[in-house]
Amino acid sequence: MFKRKGVDERHVRELEKEASACVAHGQYAEAAEAYNRAAAAYLEENVLIYASYSHQAFHQWLKAGDAPRAASQANQVFQVLDDAGWLGKSMEKVIDLILMISELKAAGYPDEAQAFAEKMDHKLAEFGLMLKPASGAALPANCPSCGAALPTVFGASEVKCSFCGWSGRAA
């Protein structure tokens, strides 16, 4: 039997085949469920493999037109990576999550994308990172009054310095 610690890799390969067959027949929700089961097999063993299968499930939920399930999938990946500490140590994982925001928008789910982006932005602030404002308008990175770093919240058009109280709007 092919097992990596507690993972039955033969079973995971069968789930991959099942998901591929579902995709080939346009059964995207069923494919997402198969990818979810593959992800679950790795949740305790390897959160990065879990995240990869979950991202595939996310894609299939989008193809199925199920925005709530796609958003839920994105949030699950976010939570697992956060709990495991990967958001603070892997920009690649952060970029994968940012890609999910773009994919939600591109699939026609701007509200879900916005909600997920706001959640990500709050977490990224812990590491001194921020997403680009949705408006594309430029907000200063540092306070022009005192020089302190300014927070940038996804979609924000104004910012306030927590040190000196200066506030400004995007140009």
# chains A, B, ... in the order shown; residues from 1 in each chain; ligands from 1

call {"tool": "residues_around", "arguments": {"residues": "A:Val47", "least_positions_apart": "6", "cutoff": "9 Å", "atoms": "only C-alpha atoms", "output": "PyMOL selection string"}}
result
chain A and resi 39+77+80-81+84

call {"tool": "write_last_selection", "arguments": {"atoms": "N, CA and C atoms", "output": "mmCIF file, in the first residue's frame"}}
result
data_model
loop_
_atom_site.group_PDB
_atom_site.id
_atom_site.type_symbol
_atom_site.label_atom_id
_atom_site.label_comp_id
_atom_site.auth_asym_id
_atom_site.auth_seq_id
_atom_site.Cartn_x
_atom_site.Cartn_y
_atom_site.Cartn_z
ATOM 1 N N ALA A 39 -8.186 16.875 -0.435
ATOM 2 C CA ALA A 39 -7.591 17.855 0.479
ATOM 3 C C ALA A 39 -7.683 17.369 1.919
ATOM 4 N N VAL A 77 -9.125 27.629 3.189
ATOM 5 C CA VAL A 77 -7.693 27.598 2.872
ATOM 6 C C VAL A 77 -6.977 28.681 3.674
ATOM 7 N N VAL A 80 -6.694 27.608 7.389
ATOM 8 C CA VAL A 80 -5.726 26.524 7.610
ATOM 9 C C VAL A 80 -4.295 27.053 7.468
ATOM 10 N N LEU A 81 -4.037 27.845 6.436
ATOM 11 C CA LEU A 81 -2.692 28.394 6.253
ATOM 12 C C LEU A 81 -2.337 29.353 7.384
ATOM 13 N N ALA A 84 -1.576 27.380 10.568
ATOM 14 C CA ALA A 84 -0.284 26.694 10.479
ATOM 15 C C ALA A 84 0.895 27.665 10.409
#

call {"tool": "residues_around", "arguments": {"residues": "A:Gly65", "least_positions_apart": "5", "cutoff": "12 Å", "atoms": "only C-alpha atoms", "output": "compact mmCIF listing (two decimals) with C-alpha atoms, in the first residue's frame"}}
result
# COMPACT_ATOMS: atom_id res chain seq x y z
CA GLY A 26 -19.09 19.18 -16.83
CA GLN A 27 -19.91 17.98 -13.30
CA TYR A 28 -18.01 20.74 -11.56
CA ALA A 29 -19.67 20.54 -8.15
CA ALA A 32 -15.06 20.09 -6.23
CA PHE A 58 -12.29 26.38 -5.32
CA HIS A 59 -11.87 26.50 -9.12
CA GLN A 60 -14.52 23.85 -9.59
CA ALA A 70 -16.15 28.97 -3.64
CA ALA A 71 -15.87 31.74 -1.05
CA LEU A 104 -13.72 35.50 -7.64
CA ALA A 107 -16.01 34.90 -12.27
CA GLY A 108 -18.46 37.72 -11.52
CA TYR A 109 -18.53 37.62 -7.72

call {"tool": "atom_distance", "arguments": {"atom1": "atom CA of A:Asp82", "atom2": "atom CA of A:Lys123"}}
result
8.6 Å

call {"tool": "closest_residue", "arguments": {"among": "A:Glu33, A:Ser102, A:Glu92, A:Leu87", "to": "A:Glu126", "atoms": "only C-alpha atoms"}}
result
A:Leu87

call {"tool": "closest_residue", "arguments": {"among": "A:Ala31, A:Ala24, A:Lys93, A:Ala40", "to": "A:His11", "atoms": "only C-alpha atoms"}}
result
A:Ala40

call {"tool": "atom_distance", "arguments": {"atom1": "atom CA of A:Asp8", "atom2": "atom CA of A:Ser72"}}
result
25.9 Å

call {"tool": "select_by_dssp", "arguments": {"residues": "chain A", "states": "alpha helix (DSSP H)", "output": "PyMOL selection string"}}
result
chain A and resi 9-24+28-42+47-63+67-83+91-106+110-125

call {"tool": "write_last_selection", "arguments": {"atoms": "C-alpha atoms", "output": "short mmCIF file (atom, residue, chain, number, x, y, z; two decimals), in the first residue's frame"}}
result
data_model
loop_
_atom_site.label_atom_id
_atom_site.label_comp_id
_atom_site.auth_asym_id
_atom_site.auth_seq_id
_atom_site.Cartn_x
_atom_site.Cartn_y
_atom_site.Cartn_z
CA GLU A 9 -1.99 8.02 -1.64
CA ARG A 10 -3.69 5.36 -3.76
CA HIS A 11 -7.06 6.64 -2.51
CA VAL A 12 -6.01 10.23 -3.25
CA ARG A 13 -5.06 9.24 -6.82
CA GLU A 14 -8.50 7.67 -7.21
CA LEU A 15 -10.05 10.92 -6.03
CA GLU A 16 -7.96 12.84 -8.57
CA LYS A 17 -9.21 10.53 -11.34
CA GLU A 18 -12.78 10.97 -10.10
CA ALA A 19 -12.40 14.76 -10.13
CA SER A 20 -10.90 14.72 -13.63
CA ALA A 21 -13.74 12.56 -14.94
CA CYS A 22 -16.29 14.89 -13.37
CA VAL A 23 -14.62 17.92 -14.97
CA ALA A 24 -14.60 16.16 -18.34
CA TYR A 28 -18.01 20.74 -11.56
CA ALA A 29 -19.67 20.54 -8.15
CA GLU A 30 -18.92 16.81 -8.00
CA ALA A 31 -15.32 17.52 -9.01
CA ALA A 32 -15.06 20.09 -6.23
CA GLU A 33 -16.30 17.52 -3.72
CA ALA A 34 -13.71 14.99 -4.91
CA TYR A 35 -10.94 17.60 -4.58
CA ASN A 36 -12.26 18.43 -1.10
CA ARG A 37 -11.96 14.78 -0.08
CA ALA A 38 -8.40 14.70 -1.46
CA ALA A 39 -7.59 17.85 0.48
CA ALA A 40 -9.05 16.41 3.67
CA ALA A 41 -6.69 13.43 3.38
CA TYR A 42 -3.75 15.81 3.76
CA VAL A 47 -1.27 21.79 4.89
CA LEU A 48 0.45 22.89 1.67
CA ILE A 49 -0.87 19.86 -0.21
CA TYR A 50 -4.22 20.46 1.49
CA ALA A 51 -4.18 24.06 0.19
CA SER A 52 -3.34 22.91 -3.34
CA TYR A 53 -6.26 20.47 -3.53
CA SER A 54 -8.53 23.03 -1.88
CA HIS A 55 -7.57 25.61 -4.50
CA GLN A 56 -8.55 23.09 -7.18
CA ALA A 57 -11.88 22.59 -5.41
CA PHE A 58 -12.29 26.38 -5.32
CA HIS A 59 -11.87 26.50 -9.12
CA GLN A 60 -14.52 23.85 -9.59
CA TRP A 61 -16.99 25.66 -7.31
CA LEU A 62 -16.48 28.74 -9.50
CA LYS A 63 -17.11 26.70 -12.65
CA ALA A 67 -20.09 31.52 -5.29
CA PRO A 68 -20.91 30.78 -1.62
CA ARG A 69 -19.10 27.42 -1.77
CA ALA A 70 -16.15 28.97 -3.64
CA ALA A 71 -15.87 31.74 -1.05
CA SER A 72 -16.19 29.21 1.76
CA GLN A 73 -13.40 27.15 0.18
CA ALA A 74 -11.16 30.22 -0.05
CA ASN A 75 -11.86 31.04 3.60
CA GLN A 76 -11.05 27.48 4.67
CA VAL A 77 -7.69 27.60 2.87
CA PHE A 78 -6.98 30.99 4.43
CA GLN A 79 -7.79 29.70 7.93
CA VAL A 80 -5.73 26.52 7.61
CA LEU A 81 -2.69 28.39 6.25
CA ASP A 82 -3.07 31.04 8.95
CA ASP A 83 -3.40 28.46 11.74
CA MET A 91 4.70 35.09 0.21
CA GLU A 92 3.86 32.37 -2.31
CA LYS A 93 0.92 31.26 -0.17
CA VAL A 94 -0.22 34.86 0.24
CA ILE A 95 -0.09 35.29 -3.54
CA ASP A 96 -2.15 32.11 -4.00
CA LEU A 97 -4.84 33.59 -1.76
CA ILE A 98 -4.70 36.94 -3.56
CA LEU A 99 -5.16 35.02 -6.80
CA MET A 100 -8.39 33.61 -5.36
CA ILE A 101 -9.63 37.18 -4.90
CA SER A 102 -8.92 37.93 -8.55
CA GLU A 103 -10.57 34.69 -9.63
CA LEU A 104 -13.72 35.50 -7.64
CA LYS A 105 -13.88 38.92 -9.32
CA ALA A 106 -13.25 37.48 -12.78
CA PRO A 110 -17.25 41.05 -6.65
CA ASP A 111 -19.00 41.02 -3.27
CA GLU A 112 -17.42 37.71 -2.29
CA ALA A 113 -14.05 38.94 -3.58
CA GLN A 114 -14.35 42.13 -1.54
CA ALA A 115 -15.28 40.27 1.66
CA PHE A 116 -12.37 37.85 1.25
CA ALA A 117 -9.97 40.68 0.42
CA GLU A 118 -10.97 42.58 3.55
CA LYS A 119 -10.37 39.48 5.67
CA MET A 120 -6.97 39.00 4.05
CA ASP A 121 -6.06 42.64 4.49
CA HIS A 122 -6.74 42.54 8.21
CA LYS A 123 -4.51 39.48 8.59
CA LEU A 124 -1.76 40.84 6.36
CA ALA A 125 -1.65 44.01 8.44
#

call {"tool": "atom_distance", "arguments": {"atom1": "atom CA of A:Gly85", "atom2": "atom CA of A:Leu43"}}
result
14.1 Å

call {"tool": "closest_residue", "arguments": {"among": "A:Val7, A:Ser90, A:Cys143, A:Asp66", "to": "A:Val159", "atoms": "only C-alpha atoms"}}
result
A:Cys143

call {"tool": "select_by_dssp", "arguments": {"residues": "chain A", "states": "strand (DSSP E)", "output": "PDB file with C-alpha atoms, in the first residue's frame"}}
result
ATOM      1  CA  LYS A   3       0.944   5.597   2.387  1.00  0.00           C
ATOM      2  CA  ARG A   4       2.726   8.732   3.505  1.00  0.00           C
ATOM      3  CA  VAL A   7      -2.310   9.414   3.909  1.00  0.00           C
ATOM      4  CA  ASP A   8      -3.502   6.675   1.571  1.00  0.00           C
ATOM      5  CA  GLU A 158      -8.832  57.354   2.847  1.00  0.00           C
ATOM      6  CA  VAL A 159      -6.389  56.686   5.640  1.00  0.00           C
ATOM      7  CA  LYS A 160      -5.753  58.032   9.123  1.00  0.00           C
ATOM      8  CA  SER A 167      -5.911  61.870   7.599  1.00  0.00           C
ATOM      9  CA  GLY A 168      -5.901  61.928   3.830  1.00  0.00           C
ATOM     10  CA  ARG A 169      -7.818  60.758   0.774  1.00  0.00           C
TER      11      ARG A 169
END
